[in-house]
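K.L.:
Here's a structure for you.
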Amino acid sequence: MRRRTMLIWAAFIIPLAVLASGDSHAQSAASYPERQITIIVPFPPGGSVDVLGRTIAQKLNDAWGKPVVVENRAGASTIIGTTALAKAPPDGYTLIIAVSSHTTNPSLSTKLPFDTEKDFAPIALLAKAPVVLYANPKFPPNNLKELVAHAKTETKLNFASAGVGTMTHLTAELFKTNAKVDMTHILYRGGTPAMNDLIAGHLPMSFGTVAQALPQYKAGVLKALAVSSDQRYPSIPEVPTFKEQGFDVVTTEWYGLLAPAGTPQPIIDKLNAEMARIVKAPDLGERLTAIELVHSTPAELGSFIKSETDRWAPLIKSLKLSIE
């Protein structure tokens, strides 16, 4: 009889506990935010990710009347910043703007201090940007056909990227595989130093996002041989794609907002709704015009992260790339 009584009480208490938990999550979302929010940018100040992060921070600050700050935690192919997020409380007060490295790092390192799929809660995809093959104006080729012909006459043809396993580097490796050309990767710690050396004439080519050197390209101090978008990109419509020049290279650098796993779903949904509003705002500034602002549901971003992780793993493995 006593056991039966206990089972009856449990039947009532457990659902009540679940309801209470749901109510507390709903209440926390209704009052969220009550204090400062930190957005981690896993890069140094000044780049497109930093600009996007600071724009979002300002828009959230304006909407909610609570301080939203950007914390730059650069280094180790975004691992330093991502580790900080993984260790943060799952309460919606620490977020990160992740990029494509989030989906390539699992294949580049066996020692990640986090699980890129299980330790984070996706909020929204924010933006995409293709990769451009930039060249010094004095470099003879003006398109990919000329580049392939030139590569066959050169004993050593160098190119730069933002780092091992970045989307700029993987785009270059994908092109090399498609074109069957041999080019030597010169490693830089970031895209800006690589572009500076390209402009100075120390390099013939560098792969970078469209936003990374758009002003320099528009000013004529760099030229662009191809862009990795599926169709011609609005910011540089005169630049042909890899695809239309005969090479199956379609890639994108992406930007997405993540929280620690376990963050209450109502808070995730509230942030997602704000991201939908922000990316449609007409006054985001000229520096963001070179990237395509988009929006997704949390589930769509989660699926995208999984598909990108699966897409790049075979190429990284075949090239034996590593950041360890």
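Residue numbering restarts at 1 in every chain; chains get A, B, ... in the order shown in the structure tokens, and ligands count up from 1 in that same order.
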Range 302-316 of chain A: which residues within 9 Å, counting only C-alpha atoms, same-chain residues fewer than 6 positions away excluded, as a list in words?
P.N.:
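Counting only the stated atoms, we get Ser100, His102, Thr103, Thr104, Asn105, Pro106, Ser107, Leu108, Thr116, Glu117, Ala121, Pro122, Ile123, Ala124, Leu125, Gly165, Leu170, Glu173, Leu174 and Ser322 of chain A.
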K.L.:
Quick one: residues within 8 Å of Leu126 in chain A, only C-alpha atoms counted, chain neighbours fewer than 6 positions away excluded, as number ranges by chain?
P.N.:
A: 254-257, 275, 279, 293-296
K.L.:
From the list A:Ala135, A:Ile56, A:Ala98, A:Ala160, which residue is nearest Gly220 in chain A when using only C-alpha atoms?
P.N.:
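Looking at the shortest contact to Gly220 in chain A, the residue is A:Ala135.
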K.L.:
According to DSSP computed on the backbone, where in range 184-230 of chain A is there alpha helix (DSSP H)? Give the residues as a list in words.
P.N.:
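The alpha helix (DSSP H) residues within range 184-230 of chain A come out as Gly191, Thr192, Pro193, Ala194, Met195, Asn196, Asp197, Leu198, Ile199, Ala200, Leu214, Pro215, Gln216, Tyr217 and Lys218 of chain A.
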K.L.:
Write out as a PyMOL selection string each polymer residue whose atoms come within 8 Å of Ala179 in chain A, counting only C-alpha atoms; drop sequence neighbours fewer than 3 positions from it.
P.N.:
chain A and resi 148+175-176+247
K.L.:
Pull C-alpha atoms from the residues just selected and write them as an mmCIF file, in the first residue's frame.
P.N.:
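Contents of the output file out-v1.cif:
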data_model
loop_
_atom_site.group_PDB
_atom_site.id
_atom_site.type_symbol
_atom_site.label_atom_id
_atom_site.label_comp_id
_atom_site.auth_asym_id
_atom_site.auth_seq_id
_atom_site.Cartn_x
_atom_site.Cartn_y
_atom_site.Cartn_z
ATOM 1 C CA VAL A 148 46.552 27.387 -65.029
ATOM 2 C CA PHE A 175 40.793 24.833 -56.837
ATOM 3 C CA LYS A 176 44.177 23.092 -56.953
ATOM 4 C CA PHE A 247 36.075 24.826 -62.093
#
K.L.:
Would you mind listing what lies within 12 Å of range 50-52 of chain A as JSON, numbers by chain, with only C-alpha atoms counted and same-chain residues fewer than 2 positions away left out?
P.N.:
{"A": [39, 40, 41, 42, 43, 44, 45, 46, 47, 48, 54, 55, 56, 57, 58, 59, 69, 70, 71, 72, 73, 74, 96, 97, 98, 99, 126, 127, 128, 211, 212, 254, 255, 256, 257, 275, 278, 279, 284, 285, 286, 287, 288, 289, 290, 291, 292, 293]}
K.L.:
Got time to write the residues from that selection, N, CA and C atoms, as a short mmCIF file (atom, residue, chain, number, x, y, z; two decimals), in the first residue's frame?
P.N.:
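Resulting contents of result_1.cif:
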data_model
loop_
_atom_site.label_atom_id
_atom_site.label_comp_id
_atom_site.auth_asym_id
_atom_site.auth_seq_id
_atom_site.Cartn_x
_atom_site.Cartn_y
_atom_site.Cartn_z
N ILE A 39 29.28 39.31 -26.34
CA ILE A 39 29.40 38.59 -27.61
C ILE A 39 30.88 38.37 -27.88
N ILE A 40 31.31 37.12 -27.89
CA ILE A 40 32.70 36.80 -28.17
C ILE A 40 32.93 36.84 -29.68
N VAL A 41 33.96 37.54 -30.10
CA VAL A 41 34.43 37.53 -31.48
C VAL A 41 35.80 36.85 -31.48
N PRO A 42 35.93 35.67 -32.08
CA PRO A 42 37.20 34.93 -31.99
C PRO A 42 38.28 35.41 -32.96
N PHE A 43 38.31 36.71 -33.20
CA PHE A 43 39.28 37.35 -34.09
C PHE A 43 39.71 38.69 -33.51
N PRO A 44 40.82 39.25 -34.00
CA PRO A 44 41.23 40.59 -33.55
C PRO A 44 40.22 41.64 -34.00
N PRO A 45 40.27 42.83 -33.40
CA PRO A 45 39.38 43.91 -33.83
C PRO A 45 39.65 44.33 -35.27
N GLY A 46 38.61 44.81 -35.93
CA GLY A 46 38.79 45.42 -37.25
C GLY A 46 38.33 44.62 -38.43
N GLY A 47 38.21 43.31 -38.29
CA GLY A 47 37.79 42.48 -39.40
C GLY A 47 36.28 42.47 -39.56
N SER A 48 35.81 41.75 -40.59
CA SER A 48 34.38 41.73 -40.88
C SER A 48 33.57 41.07 -39.76
N ARG A 54 30.00 43.98 -33.49
CA ARG A 54 29.76 45.29 -32.86
C ARG A 54 28.46 45.92 -33.36
N THR A 55 28.11 45.65 -34.60
CA THR A 55 26.84 46.16 -35.12
C THR A 55 25.67 45.50 -34.41
N ILE A 56 25.75 44.18 -34.25
CA ILE A 56 24.69 43.46 -33.55
C ILE A 56 24.61 43.91 -32.10
N ALA A 57 25.77 44.09 -31.46
CA ALA A 57 25.80 44.53 -30.07
C ALA A 57 25.10 45.87 -29.90
N GLN A 58 25.37 46.80 -30.80
CA GLN A 58 24.75 48.12 -30.72
C GLN A 58 23.24 48.04 -30.93
N LYS A 59 22.82 47.22 -31.88
CA LYS A 59 21.39 47.08 -32.16
C LYS A 59 20.65 46.45 -30.97
N VAL A 69 28.37 43.99 -25.02
CA VAL A 69 29.76 44.29 -25.34
C VAL A 69 30.36 43.18 -26.19
N VAL A 70 31.35 43.56 -26.99
CA VAL A 70 32.11 42.59 -27.79
C VAL A 70 33.43 42.32 -27.10
N GLU A 71 33.76 41.06 -26.96
CA GLU A 71 35.02 40.65 -26.36
C GLU A 71 35.83 39.89 -27.41
N ASN A 72 36.94 40.46 -27.84
CA ASN A 72 37.79 39.82 -28.84
C ASN A 72 38.68 38.78 -28.18
N ARG A 73 38.47 37.52 -28.55
CA ARG A 73 39.29 36.42 -28.03
C ARG A 73 39.88 35.67 -29.22
N ALA A 74 40.92 36.25 -29.80
CA ALA A 74 41.51 35.72 -31.02
C ALA A 74 42.53 34.64 -30.72
N ILE A 96 28.63 33.81 -29.05
CA ILE A 96 29.79 33.92 -29.95
C ILE A 96 29.32 34.02 -31.39
N ILE A 97 30.09 34.75 -32.18
CA ILE A 97 29.88 34.71 -33.63
C ILE A 97 30.88 33.70 -34.19
N ALA A 98 30.38 32.55 -34.56
CA ALA A 98 31.21 31.49 -35.12
C ALA A 98 31.29 31.64 -36.63
N VAL A 99 32.37 31.11 -37.19
CA VAL A 99 32.56 31.13 -38.65
C VAL A 99 32.87 29.71 -39.12
N LEU A 126 23.76 34.32 -39.64
CA LEU A 126 23.71 35.77 -39.78
C LEU A 126 24.12 36.27 -41.16
N ALA A 127 25.14 35.66 -41.73
CA ALA A 127 25.67 36.20 -42.98
C ALA A 127 26.52 35.15 -43.69
N LYS A 128 26.72 35.38 -44.98
CA LYS A 128 27.60 34.56 -45.80
C LYS A 128 28.44 35.47 -46.69
N ALA A 211 34.92 40.68 -48.57
CA ALA A 211 34.99 41.90 -47.77
C ALA A 211 36.41 42.23 -47.34
N GLN A 212 37.27 41.24 -47.35
CA GLN A 212 38.60 41.40 -46.78
C GLN A 212 39.45 42.43 -47.51
N TRP A 254 30.90 31.65 -43.56
CA TRP A 254 29.62 31.94 -42.94
C TRP A 254 29.81 32.47 -41.53
N TYR A 255 28.81 33.15 -41.05
CA TYR A 255 28.83 33.75 -39.73
C TYR A 255 27.54 33.35 -39.00
N GLY A 256 27.66 32.77 -37.82
CA GLY A 256 26.47 32.33 -37.10
C GLY A 256 26.58 32.62 -35.61
N LEU A 257 25.46 32.85 -34.97
CA LEU A 257 25.43 33.16 -33.54
C LEU A 257 25.12 31.89 -32.75
N MET A 275 17.66 38.65 -34.12
CA MET A 275 18.59 38.55 -35.25
C MET A 275 17.83 38.74 -36.57
N ILE A 278 17.34 42.44 -36.92
CA ILE A 278 18.58 43.22 -37.11
C ILE A 278 19.12 43.07 -38.53
N VAL A 279 19.15 41.84 -39.07
CA VAL A 279 19.76 41.65 -40.39
C VAL A 279 18.94 42.31 -41.49
N LEU A 284 22.81 49.34 -41.39
CA LEU A 284 23.87 48.53 -40.79
C LEU A 284 25.26 49.01 -41.15
N GLY A 285 25.37 49.97 -42.03
CA GLY A 285 26.69 50.53 -42.34
C GLY A 285 27.30 49.97 -43.61
N GLU A 286 28.17 50.76 -44.22
CA GLU A 286 28.77 50.40 -45.50
C GLU A 286 29.68 49.18 -45.41
N ARG A 287 30.30 48.96 -44.26
CA ARG A 287 31.28 47.88 -44.15
C ARG A 287 30.63 46.49 -44.20
N LEU A 288 29.33 46.44 -44.05
CA LEU A 288 28.64 45.15 -44.12
C LEU A 288 27.97 44.92 -45.46
N THR A 289 28.11 45.84 -46.39
CA THR A 289 27.46 45.67 -47.70
C THR A 289 28.13 44.58 -48.53
N ALA A 290 29.38 44.22 -48.20
CA ALA A 290 30.10 43.21 -48.99
C ALA A 290 29.77 41.79 -48.56
N ILE A 291 29.00 41.63 -47.48
CA ILE A 291 28.59 40.29 -47.07
C ILE A 291 27.08 40.17 -47.19
N GLU A 292 26.62 38.97 -47.45
CA GLU A 292 25.19 38.73 -47.63
C GLU A 292 24.56 38.43 -46.28
N LEU A 293 23.74 39.34 -45.79
CA LEU A 293 23.07 39.14 -44.52
C LEU A 293 21.88 38.19 -44.71
#
K.L.:
I'd like the contact shell of Lys145 in chain A - 12 Å cut-off, only C-alpha atoms, skipping same-chain residues fewer than 5 positions apart - returned as JSON, numbers by chain.
P.N.:
{"A": [140, 150, 151, 152, 179, 181, 225, 226, 240, 242, 244, 245, 246, 247]}
K.L.:
Calculated over only C-alpha atoms, which of the candidates A:Leu214, A:Met205, A:Leu60, A:Leu258 has the smallest distance to Gln36 in chain A?
P.N.:
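When distances to Gln36 in chain A are compared using only C-alpha atoms, the smallest one comes from A:Leu60.
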K.L.:
Restricting the calculation to only C-alpha atoms: of A:Ile37, A:Ala261, A:Ala129, A:Ala276, which residue gets closest to Val49 in chain A?
P.N.:
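Nearest to Val49 in chain A: A:Ala129.
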K.L.:
Rounded to one decimal in Å, what is the spacing between CA of Ser109 in chain A and CA of Met167 in chain A?
P.N.:
15.7 Å
K.L.:
Would you work out the distance separating CA of Tyr134 in chain A from CA of Leu157 in chain A, expressed in Å to one decimal?
P.N.:
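Distance between the two atoms: 14.1 Å.
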K.L.:
Give me the residues within 10 Å of Gln216 in chain A as a VMD selection string, counting only C-alpha atoms and dropping any in the same chain fewer than 6 places off.
P.N.:
chain A and resid 195 199 222 to 223
K.L.:
From the set A:Ala162, A:Leu319, A:Ala213, A:Val227, which residue has the shortest atom-to-atom contact distance to Gly190 in chain A, counting only C-alpha atoms?
P.N.:
A:Ala162
K.L.:
Report, in Å with one decimal, the straight-line distance from CA of Trp64 in chain A to CA of Leu85 in chain A.
P.N.:
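So the answer is 22.1 Å.
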K.L.:
Just list as a CSV table (one decimal) with C-alpha atoms, in the first residue's frame whatever in range 8-256 of chain A DSSP marks as strand (DSSP E).
P.N.:
chain,number,residue,atom,x,y,z
A,37,ILE,CA,25.5,40.4,-22.6
A,38,THR,CA,28.9,39.5,-24.0
A,39,ILE,CA,29.4,38.6,-27.6
A,40,ILE,CA,32.7,36.8,-28.2
A,41,VAL,CA,34.4,37.5,-31.5
A,68,VAL,CA,26.0,44.4,-24.9
A,69,VAL,CA,29.8,44.3,-25.3
A,70,VAL,CA,32.1,42.6,-27.8
A,71,GLU,CA,35.0,40.7,-26.4
A,72,ASN,CA,37.8,39.8,-28.8
A,94,THR,CA,27.6,34.9,-23.3
A,95,LEU,CA,27.4,34.3,-27.1
A,96,ILE,CA,29.8,33.9,-29.9
A,97,ILE,CA,29.9,34.7,-33.6
A,98,ALA,CA,31.2,31.5,-35.1
A,120,PHE,CA,26.7,24.7,-28.3
A,121,ALA,CA,23.2,25.8,-29.0
A,122,PRO,CA,22.7,27.4,-32.5
A,123,ILE,CA,20.7,30.6,-32.6
A,124,ALA,CA,20.8,32.0,-36.1
A,125,LEU,CA,22.8,32.1,-39.3
A,126,LEU,CA,23.7,35.8,-39.8
A,127,ALA,CA,25.7,36.2,-43.0
A,128,LYS,CA,27.6,34.6,-45.8
A,129,ALA,CA,30.4,35.7,-48.0
A,131,VAL,CA,36.0,33.7,-51.3
A,132,VAL,CA,37.9,35.7,-53.9
A,133,LEU,CA,41.2,34.9,-55.6
A,134,TYR,CA,42.9,38.2,-55.4
A,135,ALA,CA,46.2,38.9,-57.2
A,158,ASN,CA,52.9,30.8,-54.1
A,159,PHE,CA,49.6,31.8,-52.6
A,160,ALA,CA,48.4,32.9,-49.2
A,161,SER,CA,45.3,32.4,-47.1
A,184,THR,CA,52.5,26.4,-52.5
A,185,HIS,CA,50.6,27.6,-49.5
A,186,ILE,CA,52.3,30.4,-47.6
A,187,LEU,CA,50.9,30.4,-44.1
A,205,MET,CA,48.1,35.7,-55.1
A,206,SER,CA,46.0,35.4,-51.9
A,207,PHE,CA,42.6,33.9,-51.2
A,208,GLY,CA,40.4,36.1,-49.1
A,209,THR,CA,36.7,36.8,-48.4
A,223,LYS,CA,42.8,42.5,-59.1
A,224,ALA,CA,40.4,39.6,-58.7
A,225,LEU,CA,40.6,36.5,-60.9
A,226,ALA,CA,37.5,34.6,-59.6
A,227,VAL,CA,34.9,34.5,-56.8
A,253,GLU,CA,32.5,31.8,-45.4
A,254,TRP,CA,29.6,31.9,-42.9
A,255,TYR,CA,28.8,33.8,-39.7
A,256,GLY,CA,26.5,32.3,-37.1
